[in-house]
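Enquirer: I'd like to ask some things about the structure below.
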Amino acid sequence: MALVFADPYKIEPFVNAMDIVMWDRYPCLRGEPEFQWVLAYRRDSYKVLSLADLHKQKFYNVLQASNEKQSTKRLPSIGELRCMFYLSVLAGSDGLLFWMYELSVNSWNESTLYPTIIESRKYIPAIIKGKDLSSTLRVSNLDVEVKLFSIPNTKKYLAIAINHDRVQTTLTVKFDRKFAGKKVTTDRSKTKIRLSTDASFSTLLKPYEVLICKID
C-alpha cells in the first residue's frame, strides 16, 4: 500500500496506513529560472525520509517529468532532472518514479529523460548493492554533499558529489589513505587523474552541478 503526498506535513496522519511513503513535489515552475527550488526540495526530501524511517516504511520519490497544459509547471532542464535524481539517491530514497509519460513531450523525453535514465543504469549496482563508505571521506566544503559506494564484485568505487550552492565552488575530497594513487575518471571526461599521495582530489563544481566519479 502506497499513498502519495506533495506536502510533507500532510503525510504523518496517514503514515500507518501505508507500506511505502511516496512524495511527489514537482518544483520546476514556468517563469522561474533553473534550480530555484533546490534548497527547499532537499530540505523537504529529508523530512519525508526521516518520517518514513521513523515508521520503518520505504520511501519512494516521484520526480517531475511532465508539464500539463493549463499548469504552472514546466519541464526540468537536464541539469535540473539530474540534480533531482541524484539528490534523491543521496538522501536515501528506496525507489524513484517519473510522473508521467502521457503528459510529457517526446522531444524532452529523448533529450533529457532517457539520457538521465540510461546514465543512471551504469551506477545502479553500486548505489543499490554497494557498501556505503561515505563516513570515510573528508569534504572541504559543507555546501557539497558526497557519497562513496563500492562497486559490487570489483575493486572499484563510485563517488557522487552535488554542489548545493548557487555559486561555483572548489571541492576537495580526501579519501582513506588506501586510495592514494588510484585513478579517478569523472563523467565530464574519459581522462584519468591519479589521486595524490594523501589520497585527495580537487575540482571546481558549477552551481548545483552533479559530478560522478569512478575510482579504480
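The way I read the labels, and the way they are meant: chains A, B, ... in the order of the C-alpha cells, residue 1 as the first residue of every chain, and ligand 1 as the first ligand shown, with later ones counted on from there.
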Compile a residue-level contact table for range 145-213 of chain A against range 88-98 of chain A at a cut-off of 12 Å, reporting for every qualifying residue the shortest atom pair and its distance in Å to one decimal, with only C-alpha atoms counted, rows ordered by chain and ascending number, as JSON lines.

Expert:
```
{"residue": "A:Glu145", "atom": "CA", "partner": "A:Leu90", "partner_atom": "CA", "distance": 8.0}
{"residue": "A:Val146", "atom": "CA", "partner": "A:Leu90", "partner_atom": "CA", "distance": 8.0}
{"residue": "A:Lys147", "atom": "CA", "partner": "A:Leu90", "partner_atom": "CA", "distance": 6.9}
{"residue": "A:Leu148", "atom": "CA", "partner": "A:Leu90", "partner_atom": "CA", "distance": 9.9}
{"residue": "A:Phe149", "atom": "CA", "partner": "A:Leu90", "partner_atom": "CA", "distance": 10.9}
{"residue": "A:Ala159", "atom": "CA", "partner": "A:Leu90", "partner_atom": "CA", "distance": 10.6}
{"residue": "A:Ile160", "atom": "CA", "partner": "A:Leu90", "partner_atom": "CA", "distance": 8.1}
{"residue": "A:Ala161", "atom": "CA", "partner": "A:Leu90", "partner_atom": "CA", "distance": 8.9}
{"residue": "A:Ile162", "atom": "CA", "partner": "A:Leu90", "partner_atom": "CA", "distance": 9.0}
{"residue": "A:Val210", "atom": "CA", "partner": "A:Leu90", "partner_atom": "CA", "distance": 11.2}
```

Enquirer: Output the selection as a PDB file, in the first residue's frame - C-alpha atoms for each residue.

Expert:
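Listing of part_36.pdb after writing:
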```pdb
ATOM      1  CA  GLU A 145      27.397  16.529  -0.499  1.00  0.00           C
ATOM      2  CA  VAL A 146      29.497  13.492  -1.449  1.00  0.00           C
ATOM      3  CA  LYS A 147      28.758   9.787  -1.138  1.00  0.00           C
ATOM      4  CA  LEU A 148      31.144   6.922  -1.861  1.00  0.00           C
ATOM      5  CA  PHE A 149      29.991   3.411  -2.780  1.00  0.00           C
ATOM      6  CA  ALA A 159      31.611   8.719  -5.821  1.00  0.00           C
ATOM      7  CA  ILE A 160      28.663  11.087  -6.365  1.00  0.00           C
ATOM      8  CA  ALA A 161      29.023  14.779  -5.498  1.00  0.00           C
ATOM      9  CA  ILE A 162      26.379  17.527  -5.643  1.00  0.00           C
ATOM     10  CA  VAL A 210      26.304  16.777 -10.132  1.00  0.00           C
TER      11      VAL A 210
END
```

Enquirer: When you look at Met100 in chain A with a cut-off of 7 Å (counting only C-alpha atoms), what residues show up, excluding the ones that are within fewer than 4 positions of it in the same chain? I need them as a PyMOL selection string.

Expert: chain A and resi 65-66+104

Enquirer: Produce a file of the selected residues containing N, CA and C atoms, as a JSON list (two decimals), in the first residue's frame.

Expert:
```json
[["chain", "number", "residue", "atom", "x", "y", "z"],
["A", 65, "ALA", "N", 8.30, 14.86, -14.39],
["A", 65, "ALA", "CA", 8.61, 14.54, -15.78],
["A", 65, "ALA", "C", 7.43, 14.88, -16.67],
["A", 66, "SER", "N", 6.76, 15.99, -16.38],
["A", 66, "SER", "CA", 5.61, 16.40, -17.19],
["A", 66, "SER", "C", 5.35, 17.88, -17.04],
["A", 104, "SER", "N", 4.03, 14.18, -20.88],
["A", 104, "SER", "CA", 5.35, 14.69, -21.22],
["A", 104, "SER", "C", 5.39, 15.08, -22.70]]
```

Enquirer: Show me, as a ChimeraX atom specification, the residues that have an atom within 12 Å of Pro13 in chain A when counting only C-alpha atoms, minus same-chain residues fewer than 4 positions from it.

Expert: /A:3,5,8-9,17-18,21,51,55

Enquirer: Restricting the calculation to only C-alpha atoms: of A:Val38, A:Val15, A:Cys213, A:Ile78, which residue gets closest to Phe59 in chain A?

Expert: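 Nearest to Phe59 in chain A: A:Val15.
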
Enquirer: Of the candidates A:Arg138, A:Lys131, A:Lys56, A:Lys122, which one gets nearest to Asp187 in chain A if we count only C-alpha atoms?

Expert: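 Smallest separation from Asp187 in chain A among the options: A:Lys122.
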
Enquirer: With a distance cut-off of 9 Å and only C-alpha atoms, select the neighbouring residues of Val173 in chain A, excluding the residue or stretch itself and same-chain residues fewer than 5 positions from it, and output the selection as a short mmCIF file (atom, residue, chain, number, x, y, z; two decimals) with C-alpha atoms, in the first residue's frame.

Expert:
```cif
data_model
loop_
_atom_site.label_atom_id
_atom_site.label_comp_id
_atom_site.auth_asym_id
_atom_site.auth_seq_id
_atom_site.Cartn_x
_atom_site.Cartn_y
_atom_site.Cartn_z
CA LEU A 137 35.50 10.77 3.39
CA ARG A 138 36.50 14.28 4.39
CA VAL A 139 34.98 17.06 2.29
CA SER A 140 36.32 20.62 2.23
CA ASN A 141 33.02 22.40 1.55
CA VAL A 146 29.50 13.49 -1.45
CA ALA A 199 44.52 10.35 -1.34
CA SER A 200 42.89 13.71 -2.08
CA PHE A 201 41.16 15.04 -5.20
CA SER A 202 40.20 18.65 -6.04
CA THR A 203 37.93 20.10 -8.72
#
```

Enquirer: Report as a list in words all protein, DNA and RNA residues lying within 7 Å of Trp23 in chain A, evaluated on only C-alpha atoms, omitting residues in the same chain fewer than 2 positions from it.

Expert: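 In the requested format, the answer is Val4, Phe5, Ala6, Val21, Arg25, Tyr60, Asn61 and Val62 of chain A.
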
Enquirer: What does the file look like for those residues with N, CA and C atoms, as a PDB file, in the first residue's frame?

Expert:
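Now in again.pdb:
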```pdb
ATOM      1  N   VAL A   4       0.526   8.918  -1.885  1.00  0.00           N
ATOM      2  CA  VAL A   4       1.421   9.937  -2.432  1.00  0.00           C
ATOM      3  C   VAL A   4       0.998  11.317  -1.951  1.00  0.00           C
ATOM      4  N   PHE A   5       1.966  12.083  -1.442  1.00  0.00           N
ATOM      5  CA  PHE A   5       1.711  13.446  -0.956  1.00  0.00           C
ATOM      6  C   PHE A   5       2.775  14.396  -1.496  1.00  0.00           C
ATOM      7  N   ALA A   6       2.373  15.613  -1.819  1.00  0.00           N
ATOM      8  CA  ALA A   6       3.332  16.644  -2.197  1.00  0.00           C
ATOM      9  C   ALA A   6       3.798  17.436  -0.988  1.00  0.00           C
ATOM     10  N   VAL A  21       5.975   5.234   1.696  1.00  0.00           N
ATOM     11  CA  VAL A  21       5.714   6.671   1.684  1.00  0.00           C
ATOM     12  C   VAL A  21       6.195   7.215   0.344  1.00  0.00           C
ATOM     13  N   ARG A  25       6.715  16.103  -5.047  1.00  0.00           N
ATOM     14  CA  ARG A  25       6.903  17.554  -5.227  1.00  0.00           C
ATOM     15  C   ARG A  25       7.453  17.816  -6.629  1.00  0.00           C
ATOM     16  N   TYR A  60       9.709   6.292  -1.500  1.00  0.00           N
ATOM     17  CA  TYR A  60       9.864   6.433  -2.946  1.00  0.00           C
ATOM     18  C   TYR A  60       9.638   7.899  -3.312  1.00  0.00           C
ATOM     19  N   ASN A  61      10.572   8.453  -4.052  1.00  0.00           N
ATOM     20  CA  ASN A  61      10.407   9.821  -4.525  1.00  0.00           C
ATOM     21  C   ASN A  61       9.874   9.803  -5.955  1.00  0.00           C
ATOM     22  N   VAL A  62       8.884  10.657  -6.226  1.00  0.00           N
ATOM     23  CA  VAL A  62       8.283  10.756  -7.560  1.00  0.00           C
ATOM     24  C   VAL A  62       8.819  12.033  -8.199  1.00  0.00           C
TER      25      VAL A  62
END
```

Enquirer: Could you tell me, as a count of residues only, which residues of range 9-85 of chain A DSSP assigns to helix (DSSP H, G or I) when given the backbone?

Expert: 33

Enquirer: Can you work out the spacing between CA of Ser196 in chain A and CA of Asp176 in chain A in Å, to one decimal?

Expert: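 These two atoms are separated by 11.5 Å.
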